[in-house]
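For reference, run.csv (CSV, C-alpha atoms and all ligand atoms):
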```csv
chain,number,residue,atom,x,y,z
A,10,MET,CA,1.5,24.8,21.5
A,11,LYS,CA,-1.2,22.3,22.6
A,12,LYS,CA,-0.2,19.9,25.5
A,13,SER,CA,-0.7,17.0,23.2
A,14,ASP,CA,1.8,18.4,20.6
A,15,GLU,CA,4.2,18.8,23.4
A,16,SER,CA,3.9,15.2,24.6
A,17,LEU,CA,4.1,14.0,21.0
A,18,GLY,CA,7.3,16.0,20.5
A,19,ARG,CA,8.9,14.6,23.6
A,20,ILE,CA,8.0,11.0,22.6
A,21,VAL,CA,9.5,11.6,19.1
A,22,ALA,CA,12.7,13.0,20.6
A,23,GLU,CA,13.1,10.0,23.0
A,24,LEU,CA,12.3,7.3,20.4
A,25,LYS,CA,14.7,8.5,17.7
A,26,GLY,CA,17.8,7.3,19.4
A,27,LYS,CA,16.4,4.0,20.7
A,28,LYS,CA,17.5,0.7,19.1
A,29,ASN,CA,15.6,-2.1,20.9
A,30,VAL,CA,11.9,-1.3,21.5
A,31,LEU,CA,9.1,-3.4,23.0
A,32,VAL,CA,5.5,-2.7,21.8
A,33,ALA,CA,2.6,-3.8,23.9
A,34,THR,CA,-1.2,-3.4,24.1
A,35,HIS,CA,-4.1,-4.5,26.3
A,36,VAL,CA,-5.1,-8.1,26.9
A,37,PHE,CA,-7.9,-9.5,24.7
A,38,PRO,CA,-6.7,-7.1,22.0
A,39,ASP,CA,-9.3,-5.7,19.6
A,40,GLY,CA,-8.7,-4.4,16.1
A,41,ASP,CA,-7.4,-1.0,17.3
A,42,ALA,CA,-5.1,-2.5,19.9
A,43,LEU,CA,-3.6,-5.1,17.6
A,44,GLY,CA,-3.6,-2.9,14.5
A,45,SER,CA,-1.8,-0.1,16.4
A,46,GLN,CA,0.7,-2.5,17.9
A,47,LEU,CA,1.6,-4.2,14.7
A,48,ALA,CA,1.8,-0.9,12.8
A,49,MET,CA,3.9,0.8,15.4
A,50,GLY,CA,6.4,-2.2,15.4
A,51,ASN,CA,6.5,-2.2,11.6
A,52,ILE,CA,7.2,1.6,11.5
A,53,LEU,CA,10.0,1.2,14.1
A,54,GLU,CA,11.5,-1.7,12.2
A,55,GLY,CA,11.4,0.4,9.1
A,56,MET,CA,13.6,2.9,11.0
A,57,GLY,CA,16.2,0.2,11.6
A,58,LYS,CA,15.2,-0.6,15.2
A,59,LYS,CA,14.8,-4.0,16.7
A,60,VAL,CA,11.2,-4.6,17.9
A,61,PHE,CA,9.8,-7.1,20.3
A,62,TYR,CA,6.0,-7.6,19.9
A,63,TYR,CA,4.6,-8.7,23.2
A,64,SER,CA,1.2,-10.3,23.6
A,65,GLU,CA,0.1,-12.3,26.6
A,66,GLU,CA,-1.9,-14.8,24.8
A,67,ARG,CA,-2.8,-16.1,21.4
A,68,ILE,CA,-4.8,-13.4,19.5
A,69,SER,CA,-8.3,-13.7,18.2
A,70,HIS,CA,-8.8,-15.6,15.0
A,71,LEU,CA,-10.8,-12.7,13.8
A,72,TYR,CA,-7.6,-10.6,13.5
A,73,ASP,CA,-5.0,-13.1,12.6
A,74,TYR,CA,-5.0,-11.9,9.0
A,75,MET,CA,-3.1,-8.7,10.0
A,76,PRO,CA,0.4,-8.6,8.6
A,77,GLY,CA,3.0,-9.1,11.4
A,78,CYS,CA,0.8,-11.3,13.7
A,79,GLU,CA,3.3,-14.1,13.4
A,80,LYS,CA,5.8,-11.9,15.2
A,81,LEU,CA,3.8,-11.7,18.4
A,82,GLU,CA,5.5,-13.4,21.4
A,83,SER,CA,4.0,-14.3,24.7
A,84,ARG,CA,7.3,-14.8,26.7
A,85,LEU,CA,9.5,-11.9,27.6
A,86,PRO,CA,13.2,-12.5,27.3
A,87,LYS,CA,15.1,-12.5,30.7
A,88,PRO,CA,16.6,-10.1,31.4
A,89,ALA,CA,14.4,-7.9,29.4
A,90,VAL,CA,17.0,-5.8,27.6
A,91,PHE,CA,15.0,-3.0,25.9
A,92,ASP,CA,15.8,0.6,25.8
A,93,ALA,CA,12.1,1.7,25.4
A,94,ILE,CA,8.6,0.3,25.7
A,95,ILE,CA,5.5,1.7,24.0
A,96,SER,CA,2.1,0.8,25.5
A,97,LEU,CA,-0.7,1.3,22.9
A,98,ASP,CA,-4.5,1.6,23.4
A,99,CYS,CA,-4.3,0.7,27.1
A,100,GLY,CA,-6.3,2.9,29.5
A,101,ASP,CA,-5.1,1.1,32.7
A,102,CYS,CA,-1.7,-0.5,33.3
A,103,PHE,CA,-3.4,-3.6,34.7
A,104,ARG,CA,-4.8,-4.3,31.3
A,105,LEU,CA,-1.2,-4.9,30.1
A,106,GLY,CA,-1.5,-8.4,31.7
A,107,GLU,CA,0.5,-10.6,34.0
A,108,ALA,CA,3.9,-9.4,32.8
A,109,LEU,CA,3.1,-5.8,34.1
A,110,GLU,CA,5.8,-5.8,36.8
A,111,ASP,CA,8.5,-6.9,34.3
A,112,LEU,CA,7.3,-4.4,31.7
A,113,ARG,CA,7.5,-1.6,34.3
A,114,GLU,CA,11.2,-2.2,34.6
A,115,ILE,CA,11.7,-0.9,31.1
A,116,HIS,CA,12.3,2.9,30.6
A,117,PRO,CA,11.4,5.1,29.1
A,118,PHE,CA,7.8,3.8,29.4
A,119,VAL,CA,5.9,5.5,26.6
A,120,VAL,CA,2.1,5.5,26.7
A,121,ILE,CA,-0.1,6.3,23.7
A,122,ASP,CA,-3.9,6.0,24.3
A,123,HIS,CA,-7.3,7.6,23.7
A,124,HIS,CA,-9.5,6.2,26.5
A,125,SER,CA,-11.6,8.9,28.3
A,126,GLY,CA,-11.1,7.3,31.7
A,127,HIS,CA,-7.4,6.8,31.2
A,128,LYS,CA,-5.6,6.1,34.5
A,129,GLU,CA,-2.1,7.6,34.1
A,130,PHE,CA,1.0,5.4,34.1
A,131,GLY,CA,4.4,5.4,32.5
A,132,ASP,CA,7.1,8.0,32.0
A,133,LEU,CA,6.0,9.8,28.8
A,134,ARG,CA,2.3,10.0,28.0
A,135,TRP,CA,0.3,11.1,24.9
A,136,ILE,CA,-3.3,10.7,25.9
A,137,ASP,CA,-6.0,12.2,23.7
A,138,PRO,CA,-9.6,11.1,24.3
A,139,ASN,CA,-10.7,13.2,21.3
A,140,ARG,CA,-9.0,10.7,18.9
A,141,SER,CA,-11.2,8.0,17.3
A,142,SER,CA,-8.6,5.3,17.9
A,143,THR,CA,-5.0,4.7,18.9
A,144,GLY,CA,-4.4,3.9,15.2
A,145,GLU,CA,-5.1,7.5,14.3
A,146,MET,CA,-2.5,8.6,16.8
A,147,VAL,CA,0.1,6.1,15.6
A,148,TYR,CA,-0.2,7.5,12.1
A,149,GLU,CA,0.5,11.0,13.5
A,150,LEU,CA,3.5,9.7,15.5
A,151,ALA,CA,4.9,8.0,12.3
A,152,VAL,CA,4.6,11.4,10.5
A,153,ALA,CA,6.2,13.2,13.3
A,154,LEU,CA,9.0,10.7,13.4
A,155,GLY,CA,9.6,11.3,9.6
A,156,ALA,CA,9.2,7.5,9.2
A,157,ASP,CA,8.1,5.7,6.1
A,158,ILE,CA,4.7,4.0,6.5
A,159,SER,CA,4.7,0.6,4.6
A,160,TYR,CA,1.7,-0.9,3.0
A,161,GLU,CA,1.5,-3.4,5.9
A,162,ALA,CA,1.6,-0.7,8.5
A,163,ALA,CA,-1.0,1.3,6.6
A,164,PHE,CA,-3.3,-1.8,6.3
A,165,CYS,CA,-3.0,-2.4,10.1
A,166,LEU,CA,-3.8,1.3,10.9
A,167,PHE,CA,-6.8,1.4,8.6
A,168,THR,CA,-8.1,-1.8,10.3
A,169,ALA,CA,-7.5,-0.1,13.7
A,170,ILE,CA,-9.5,3.0,12.7
A,171,VAL,CA,-12.4,1.0,11.1
A,172,ALA,CA,-12.6,-1.2,14.2
A,173,ASP,CA,-12.8,1.6,16.8
A,174,THR,CA,-15.1,3.9,14.7
A,175,GLY,CA,-17.6,1.1,13.8
A,176,SER,CA,-16.7,1.8,10.1
A,177,PHE,CA,-16.7,5.6,10.6
A,178,LYS,CA,-20.1,5.6,12.3
A,179,TYR,CA,-19.4,6.3,16.0
A,180,ASP,CA,-19.4,9.7,17.7
A,181,CYS,CA,-15.6,9.6,17.9
A,182,THR,CA,-15.3,9.9,14.1
A,183,THR,CA,-13.9,13.3,13.2
A,184,ALA,CA,-12.6,15.1,10.1
A,185,SER,CA,-9.1,14.2,11.3
A,186,THR,CA,-10.1,10.5,11.3
A,187,PHE,CA,-11.2,10.8,7.6
A,188,ARG,CA,-8.0,12.7,6.7
A,189,VAL,CA,-5.8,9.9,8.2
A,190,ALA,CA,-7.9,7.2,6.6
A,191,GLY,CA,-7.5,9.1,3.3
A,192,GLU,CA,-3.7,9.1,3.6
A,193,LEU,CA,-3.8,5.4,4.3
A,194,VAL,CA,-5.8,4.8,1.2
A,195,ASP,CA,-3.2,6.9,-0.7
A,196,LEU,CA,-0.6,4.5,0.7
A,197,GLY,CA,-2.3,1.6,-1.1
A,198,VAL,CA,-4.9,0.3,1.4
A,199,LYS,CA,-8.2,-0.8,-0.2
A,200,PRO,CA,-11.1,-0.3,2.2
A,201,TYR,CA,-12.8,-3.2,0.5
A,202,ASP,CA,-10.0,-5.6,1.4
A,203,VAL,CA,-10.0,-4.5,5.0
A,204,ALA,CA,-13.8,-4.8,5.2
A,205,ARG,CA,-13.8,-8.3,3.7
A,206,LYS,CA,-11.3,-9.5,6.3
A,207,LEU,CA,-12.8,-7.7,9.2
A,208,PHE,CA,-16.5,-8.4,8.6
A,209,ASP,CA,-17.1,-11.1,6.0
A,210,ASN,CA,-15.5,-13.7,8.3
A,211,TYR,CA,-18.5,-15.6,9.8
A,212,THR,CA,-18.4,-19.4,10.2
A,213,THR,CA,-21.7,-21.2,10.4
A,214,GLY,CA,-21.1,-21.8,14.1
A,215,ARG,CA,-20.7,-18.0,14.6
A,216,LEU,CA,-24.0,-17.3,12.9
A,217,ARG,CA,-25.7,-20.0,15.0
A,218,LEU,CA,-24.2,-18.4,18.1
A,219,LEU,CA,-25.6,-15.1,17.0
A,220,GLU,CA,-29.0,-16.7,16.6
A,221,ALA,CA,-28.9,-18.1,20.2
A,222,VAL,CA,-27.6,-14.8,21.7
A,223,LEU,CA,-30.3,-12.8,20.0
A,224,GLY,CA,-32.8,-15.2,21.5
A,225,THR,CA,-31.8,-13.9,24.9
A,226,LEU,CA,-32.8,-10.3,24.2
A,227,GLU,CA,-34.6,-8.5,27.1
A,228,MET,CA,-35.8,-4.9,27.1
A,229,HIS,CA,-36.1,-2.6,30.1
A,230,ALA,CA,-37.1,1.0,30.8
A,231,ASP,CA,-39.5,1.4,27.9
A,232,GLY,CA,-37.0,0.0,25.5
A,233,GLN,CA,-34.2,2.3,26.5
A,234,ILE,CA,-32.1,-0.6,27.8
A,235,ALA,CA,-31.4,-3.9,25.9
A,236,ILE,CA,-29.6,-6.8,27.4
A,237,ILE,CA,-28.3,-9.9,25.6
A,238,THR,CA,-26.3,-12.8,27.2
A,239,VAL,CA,-24.1,-15.7,26.1
A,240,THR,CA,-23.5,-18.9,28.1
A,241,GLN,CA,-20.8,-21.6,27.9
A,242,GLU,CA,-23.6,-24.0,26.9
A,243,MET,CA,-24.3,-21.9,23.8
A,244,PHE,CA,-20.6,-22.0,22.8
A,245,ALA,CA,-20.6,-25.8,23.3
A,246,ARG,CA,-23.8,-26.2,21.3
A,247,THR,CA,-22.7,-24.1,18.3
A,248,GLY,CA,-19.0,-24.8,18.3
A,249,ALA,CA,-18.3,-21.1,18.2
A,250,LYS,CA,-15.4,-19.5,20.2
A,251,ARG,CA,-15.3,-16.7,22.7
A,252,ASP,CA,-14.0,-14.2,20.1
A,253,ASP,CA,-17.0,-15.0,17.8
A,254,THR,CA,-19.1,-12.7,20.1
A,255,GLU,CA,-17.2,-9.6,18.9
A,256,ASP,CA,-19.7,-7.1,17.5
A,257,PHE,CA,-22.8,-8.9,18.6
A,258,ILE,CA,-23.6,-6.0,20.9
A,259,ASN,CA,-24.2,-3.8,17.9
A,260,TYR,CA,-27.5,-5.6,17.2
A,261,PRO,CA,-29.2,-4.5,20.4
A,262,ARG,CA,-27.4,-1.1,20.1
A,263,ALA,CA,-29.1,-0.7,16.7
A,264,LEU,CA,-32.6,-0.7,18.2
A,265,ASN,CA,-34.2,2.7,17.6
A,266,THR,CA,-35.3,3.1,21.2
A,267,VAL,CA,-32.1,1.9,22.9
A,268,LYS,CA,-29.9,4.3,24.8
A,269,VAL,CA,-27.7,1.6,26.4
A,270,ALA,CA,-27.0,-1.9,25.2
A,271,ILE,CA,-25.5,-4.5,27.5
A,272,PHE,CA,-23.9,-7.8,26.7
A,273,ILE,CA,-23.2,-10.2,29.6
A,274,LYS,CA,-20.8,-13.0,28.8
A,275,GLU,CA,-20.2,-16.2,30.8
A,276,GLY,CA,-16.6,-17.0,30.5
A,277,ILE,CA,-14.6,-19.9,31.9
A,278,ASP,CA,-13.1,-20.3,35.4
A,279,GLY,CA,-15.9,-18.2,36.9
A,280,TRP,CA,-15.3,-15.0,34.9
A,281,ILE,CA,-18.2,-12.9,33.7
A,282,GLY,CA,-17.5,-10.2,31.1
A,283,VAL,CA,-19.7,-7.2,30.6
A,284,SER,CA,-19.7,-5.0,27.4
A,285,MET,CA,-21.7,-1.8,27.2
A,286,ARG,CA,-22.6,0.5,24.4
A,287,ALA,CA,-24.4,3.8,24.6
A,288,LYS,CA,-25.7,6.4,22.3
A,289,GLY,CA,-25.5,10.2,22.6
A,290,GLU,CA,-25.7,11.6,26.1
A,291,CYS,CA,-25.1,8.4,28.0
A,292,ASP,CA,-21.6,7.9,29.5
A,293,VAL,CA,-21.1,4.2,30.2
A,294,ALA,CA,-17.3,4.6,31.0
A,295,GLN,CA,-18.4,6.1,34.4
A,296,LEU,CA,-20.7,3.3,35.0
A,297,ALA,CA,-18.1,0.7,34.1
A,298,MET,CA,-15.6,2.3,36.5
A,299,THR,CA,-18.0,1.8,39.4
A,300,PHE,CA,-17.6,-1.9,38.7
A,301,GLY,CA,-13.8,-1.8,38.4
A,302,GLY,CA,-13.7,-1.5,34.5
A,303,GLY,CA,-13.4,1.4,32.1
A,304,GLY,CA,-13.5,2.5,28.5
A,305,HIS,CA,-15.0,5.4,26.5
A,306,ARG,CA,-18.2,7.4,26.9
A,307,ASN,CA,-20.0,5.2,24.4
A,308,ALA,CA,-18.2,1.9,24.7
A,309,ALA,CA,-17.0,0.5,28.0
A,310,GLY,CA,-16.8,-2.8,29.9
A,311,TYR,CA,-15.7,-4.7,33.0
A,312,ARG,CA,-15.0,-8.2,34.2
A,313,LEU,CA,-15.9,-9.9,37.4
A,314,GLN,CA,-14.6,-13.1,39.0
A,315,GLY,CA,-16.9,-15.6,40.8
A,316,SER,CA,-20.1,-14.0,39.7
A,317,THR,CA,-23.1,-15.2,37.5
A,318,ILE,CA,-25.0,-13.6,34.7
A,319,ALA,CA,-28.0,-13.2,37.0
A,320,ALA,CA,-26.0,-11.6,39.8
A,321,VAL,CA,-24.4,-9.1,37.3
A,322,ARG,CA,-27.8,-8.2,35.9
A,323,THR,CA,-29.2,-7.7,39.4
A,324,ALA,CA,-26.3,-5.4,40.4
A,325,LEU,CA,-26.1,-3.5,37.1
A,326,LEU,CA,-29.7,-2.8,36.2
A,327,PRO,CA,-30.8,-0.7,39.2
A,328,GLU,CA,-27.6,1.4,38.9
A,329,LEU,CA,-28.2,1.9,35.2
A,330,LEU,CA,-31.9,2.8,35.7
A,331,ARG,CA,-31.0,5.3,38.5
A,332,ARG,CA,-28.4,7.0,36.2
A,333,LEU,CA,-30.8,7.1,33.3
A,334,ALA,CA,-33.5,8.6,35.4
A,335,ALA,CA,-31.1,11.2,36.8
A,336,LYS,CA,-29.6,11.8,33.3
A,337,GLY,CA,-26.3,11.3,35.1
A,338,LEU,CA,-25.0,8.7,32.7
B,1,LIG,P1,-15.5,-4.3,24.7
B,1,LIG,O1,-17.0,-4.2,25.1
B,1,LIG,O2,-14.8,-5.4,25.4
B,1,LIG,O3,-15.4,-4.2,23.3
B,1,LIG,O4,-14.8,-3.0,25.4
B,1,LIG,C1,-15.3,-1.7,25.1
B,1,LIG,C2,-14.3,-0.7,25.6
B,1,LIG,O5,-14.3,-0.7,27.0
B,1,LIG,C3,-12.9,-0.9,25.1
B,1,LIG,O6,-12.4,0.3,24.6
B,1,LIG,C4,-12.1,-1.3,26.3
B,1,LIG,O7,-10.9,-0.5,26.4
B,1,LIG,C5,-13.0,-0.9,27.5
B,1,LIG,N1,-13.0,-2.0,28.5
B,1,LIG,C6,-13.5,-3.2,28.3
B,1,LIG,N2,-13.3,-4.0,29.4
B,1,LIG,C7,-12.6,-3.3,30.3
B,1,LIG,C8,-12.0,-3.6,31.5
B,1,LIG,N3,-12.2,-4.7,32.2
B,1,LIG,N4,-11.3,-2.6,32.1
B,1,LIG,C9,-11.1,-1.4,31.5
B,1,LIG,N5,-11.7,-1.1,30.3
B,1,LIG,C10,-12.4,-2.0,29.7
B,2,MN,MN,-8.9,-1.5,22.5
B,3,MN,MN,-8.9,1.9,21.0
```
Any chance you could give the structure as structure tokens?
Amino acid sequence: MKKSDESLGRIVAELKGKKNVLVATHVFPDGDALGSQLAMGNILEGMGKKVFYYSEERISHLYDYMPGCEKLESRLPKPAVFDAIISLDCGDCFRLGEALEDLREIHPFVVIDHHSGHKEFGDLRWIDPNRSSTGEMVYELAVALGADISYEAAFCLFTAIVADTGSFKYDCTTASTFRVAGELVDLGVKPYDVARKLFDNYTTGRLRLLEAVLGTLEMHADGQIAIITVTQEMFARTGAKRDDTEDFINYPRALNTVKVAIFIKEGIDGWIGVSMRAKGECDVAQLAMTFGGGGHRNAAGYRLQGSTIAAVRTALLPELLRRLAAKGL
């Protein structure tokens, strides 16, 4: 038996008898995080359990079409009376947000994740970096639980998989990913419906923001590195929101010479966010970890307080060039 089968088996055994479960994911949830969380909750509710959907803050307007979003709550009840917690798509407990210490009081603490640089936490873990997405894992957990998967849960899981595989394009996409996606389509999901909600959602402001951001493109190392940036001034000028930058990094990533694409984002209150995407051999998760972040081989990021776009570029670029030259990325 594989270690992953063993962890899945133990999680199934533990969850079966539980009545009151909290489901959580990482802050600034993306499609996989939110899709996995909402689907997991829906599946558990279908098994007759009470579910609390915890989310630190309001979710991105890009994902608020997902069924179950209205159930997300940002305040934990006191005392937090749950007989299990499931953390989904979270590679580092600190990404669970400010309620971490309260969440840690809940046991068993089940962790389901696919980040390659996963930093272990919780009581029962199923971590598999070979999975395309946490959504793919939640599907398998539902099957192992013998649970029914509703249309709503299937829709959320399909969204999760499409989001983390870049529509089945990234390196993480496997035959298993397609098998799970096929099962979800059999359950009634129309890929076209998901694609329309997930991608055909631009406002004029968002397109104007894209125009401004693409105008910042700079190339380094004979075209191997592309950097784009966004400033608060651009948001103000276009009326677009922070979430509207989602997927912009795929434009520089698509350049034929690029090995690593970087997106430096000026946030509010002195925060700077950095997103990185790599192709093939390059491992940007390692690089992100040296700056206190994490992620996957080909998609990683970090956040810094009290920095500037210029300072981030100055610190990151030499490190990246050094690793590219040494092929150590
Ligand atoms: P993003 O560029 O924000 O879409 O993130 C890409 C990947 O990097 C995601 O899978 C995240 O889990 C991971 N990631 C992004 N920011 C951080 C961070 N501050 N700490 C750990 N992992 C991160
Ligand atoms: Mn995620
Ligand atoms: Mn994920």
From A:Arg217, A:Arg322, A:Arg246, A:Lys128, residue lying nearest ligand LIG 1 (chain B) [only C-alpha atoms and all ligand atoms]: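 Distance minimum relative to ligand LIG 1 (chain B) lands on A:Lys128.
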At a cut-off of 6 Å and counting only C-alpha atoms and all ligand atoms, what residues surround ligand LIG 1 (chain B)? Please answer as a PyMOL selection string. chain A and resi 284-285+302-304+308-312
With C-alpha atoms kept, could you save the residues just selected as a compact mmCIF listing (two decimals), keeping the file's coordinate frame?
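For reference, selection.txt as written:
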```
# COMPACT_ATOMS: atom_id res chain seq x y z
CA SER A 284 -19.70 -5.00 27.40
CA MET A 285 -21.70 -1.80 27.20
CA GLY A 302 -13.70 -1.50 34.50
CA GLY A 303 -13.40 1.40 32.10
CA GLY A 304 -13.50 2.50 28.50
CA ALA A 308 -18.20 1.90 24.70
CA ALA A 309 -17.00 0.50 28.00
CA GLY A 310 -16.80 -2.80 29.90
CA TYR A 311 -15.70 -4.70 33.00
CA ARG A 312 -15.00 -8.20 34.20
```
Taken to one decimal, the atom CA of A:Lys59-atom CA of A:Val30 distance is 6.2 Å
Residues within 6 Å of ligand MN 3 (chain B) (only C-alpha atoms and all ligand atoms), as a short mmCIF file (atom, residue, chain, number, x, y, z; two decimals) with C-alpha atoms, in the frame of the given file?
```cif
data_model
loop_
_atom_site.label_atom_id
_atom_site.label_comp_id
_atom_site.auth_asym_id
_atom_site.auth_seq_id
_atom_site.Cartn_x
_atom_site.Cartn_y
_atom_site.Cartn_z
CA ASP A 41 -7.40 -1.00 17.30
CA ALA A 42 -5.10 -2.50 19.90
CA ASP A 98 -4.50 1.60 23.40
CA SER A 142 -8.60 5.30 17.90
CA THR A 143 -5.00 4.70 18.90
CA ASP A 173 -12.80 1.60 16.80
#
```
Within 12 Å of ligand MN 2 (chain B), which residues of chain A show up? Give each one with its shortest atom-to-atom distance in Å (one decimal) and the two atoms involved, counting all atoms listed in the file, rows by chain then rising residue number, as JSON lines.
```
{"residue": "A:Ala33", "atom": "CA", "partner": "B:MN2", "partner_atom": "MN", "distance": 11.8}
{"residue": "A:Thr34", "atom": "CA", "partner": "B:MN2", "partner_atom": "MN", "distance": 8.1}
{"residue": "A:His35", "atom": "CA", "partner": "B:MN2", "partner_atom": "MN", "distance": 6.8}
{"residue": "A:Val36", "atom": "CA", "partner": "B:MN2", "partner_atom": "MN", "distance": 8.8}
{"residue": "A:Phe37", "atom": "CA", "partner": "B:MN2", "partner_atom": "MN", "distance": 8.4}
{"residue": "A:Pro38", "atom": "CA", "partner": "B:MN2", "partner_atom": "MN", "distance": 6.0}
{"residue": "A:Asp39", "atom": "CA", "partner": "B:MN2", "partner_atom": "MN", "distance": 5.1}
{"residue": "A:Gly40", "atom": "CA", "partner": "B:MN2", "partner_atom": "MN", "distance": 7.0}
{"residue": "A:Asp41", "atom": "CA", "partner": "B:MN2", "partner_atom": "MN", "distance": 5.4}
{"residue": "A:Ala42", "atom": "CA", "partner": "B:MN2", "partner_atom": "MN", "distance": 4.7}
{"residue": "A:Leu43", "atom": "CA", "partner": "B:MN2", "partner_atom": "MN", "distance": 8.1}
{"residue": "A:Gly44", "atom": "CA", "partner": "B:MN2", "partner_atom": "MN", "distance": 9.7}
{"residue": "A:Ser45", "atom": "CA", "partner": "B:MN2", "partner_atom": "MN", "distance": 9.5}
{"residue": "A:Gln46", "atom": "CA", "partner": "B:MN2", "partner_atom": "MN", "distance": 10.7}
{"residue": "A:Ser96", "atom": "CA", "partner": "B:MN2", "partner_atom": "MN", "distance": 11.6}
{"residue": "A:Leu97", "atom": "CA", "partner": "B:MN2", "partner_atom": "MN", "distance": 8.7}
{"residue": "A:Asp98", "atom": "CA", "partner": "B:MN2", "partner_atom": "MN", "distance": 5.5}
{"residue": "A:Cys99", "atom": "CA", "partner": "B:MN2", "partner_atom": "MN", "distance": 6.9}
{"residue": "A:Gly100", "atom": "CA", "partner": "B:MN2", "partner_atom": "MN", "distance": 8.7}
{"residue": "A:Asp101", "atom": "CA", "partner": "B:MN2", "partner_atom": "MN", "distance": 11.2}
{"residue": "A:Arg104", "atom": "CA", "partner": "B:MN2", "partner_atom": "MN", "distance": 10.1}
{"residue": "A:Leu105", "atom": "CA", "partner": "B:MN2", "partner_atom": "MN", "distance": 11.3}
{"residue": "A:Ile121", "atom": "CA", "partner": "B:MN2", "partner_atom": "MN", "distance": 11.8}
{"residue": "A:Asp122", "atom": "CA", "partner": "B:MN2", "partner_atom": "MN", "distance": 9.2}
{"residue": "A:His123", "atom": "CA", "partner": "B:MN2", "partner_atom": "MN", "distance": 9.3}
{"residue": "A:His124", "atom": "CA", "partner": "B:MN2", "partner_atom": "MN", "distance": 8.7}
{"residue": "A:Ser141", "atom": "CA", "partner": "B:MN2", "partner_atom": "MN", "distance": 11.1}
{"residue": "A:Ser142", "atom": "CA", "partner": "B:MN2", "partner_atom": "MN", "distance": 8.2}
{"residue": "A:Thr143", "atom": "CA", "partner": "B:MN2", "partner_atom": "MN", "distance": 8.2}
{"residue": "A:Gly144", "atom": "CA", "partner": "B:MN2", "partner_atom": "MN", "distance": 10.1}
{"residue": "A:Ala169", "atom": "CA", "partner": "B:MN2", "partner_atom": "MN", "distance": 9.0}
{"residue": "A:Ile170", "atom": "CA", "partner": "B:MN2", "partner_atom": "MN", "distance": 10.8}
{"residue": "A:Ala172", "atom": "CA", "partner": "B:MN2", "partner_atom": "MN", "distance": 9.1}
{"residue": "A:Asp173", "atom": "CA", "partner": "B:MN2", "partner_atom": "MN", "distance": 7.6}
{"residue": "A:Thr174", "atom": "CA", "partner": "B:MN2", "partner_atom": "MN", "distance": 11.3}
{"residue": "A:Gly303", "atom": "CA", "partner": "B:MN2", "partner_atom": "MN", "distance": 11.0}
{"residue": "A:Gly304", "atom": "CA", "partner": "B:MN2", "partner_atom": "MN", "distance": 8.6}
{"residue": "A:His305", "atom": "CA", "partner": "B:MN2", "partner_atom": "MN", "distance": 10.0}
{"residue": "A:Ala308", "atom": "CA", "partner": "B:MN2", "partner_atom": "MN", "distance": 10.1}
{"residue": "A:Ala309", "atom": "CA", "partner": "B:MN2", "partner_atom": "MN", "distance": 10.0}
{"residue": "A:Gly310", "atom": "CA", "partner": "B:MN2", "partner_atom": "MN", "distance": 10.9}
```
Next on the checklist: as a VMD selection string, please: the residues near A:Thr317 (cut-off 10 Å, only C-alpha atoms, same-chain neighbours under 5 positions excluded).
Outcome noted: chain A and resid 273 to 276 279 to 282 322 to 323
As a check of understanding: the span from atom CA of A:Asp111 to atom CA of A:Lys28 is 19.2 Å
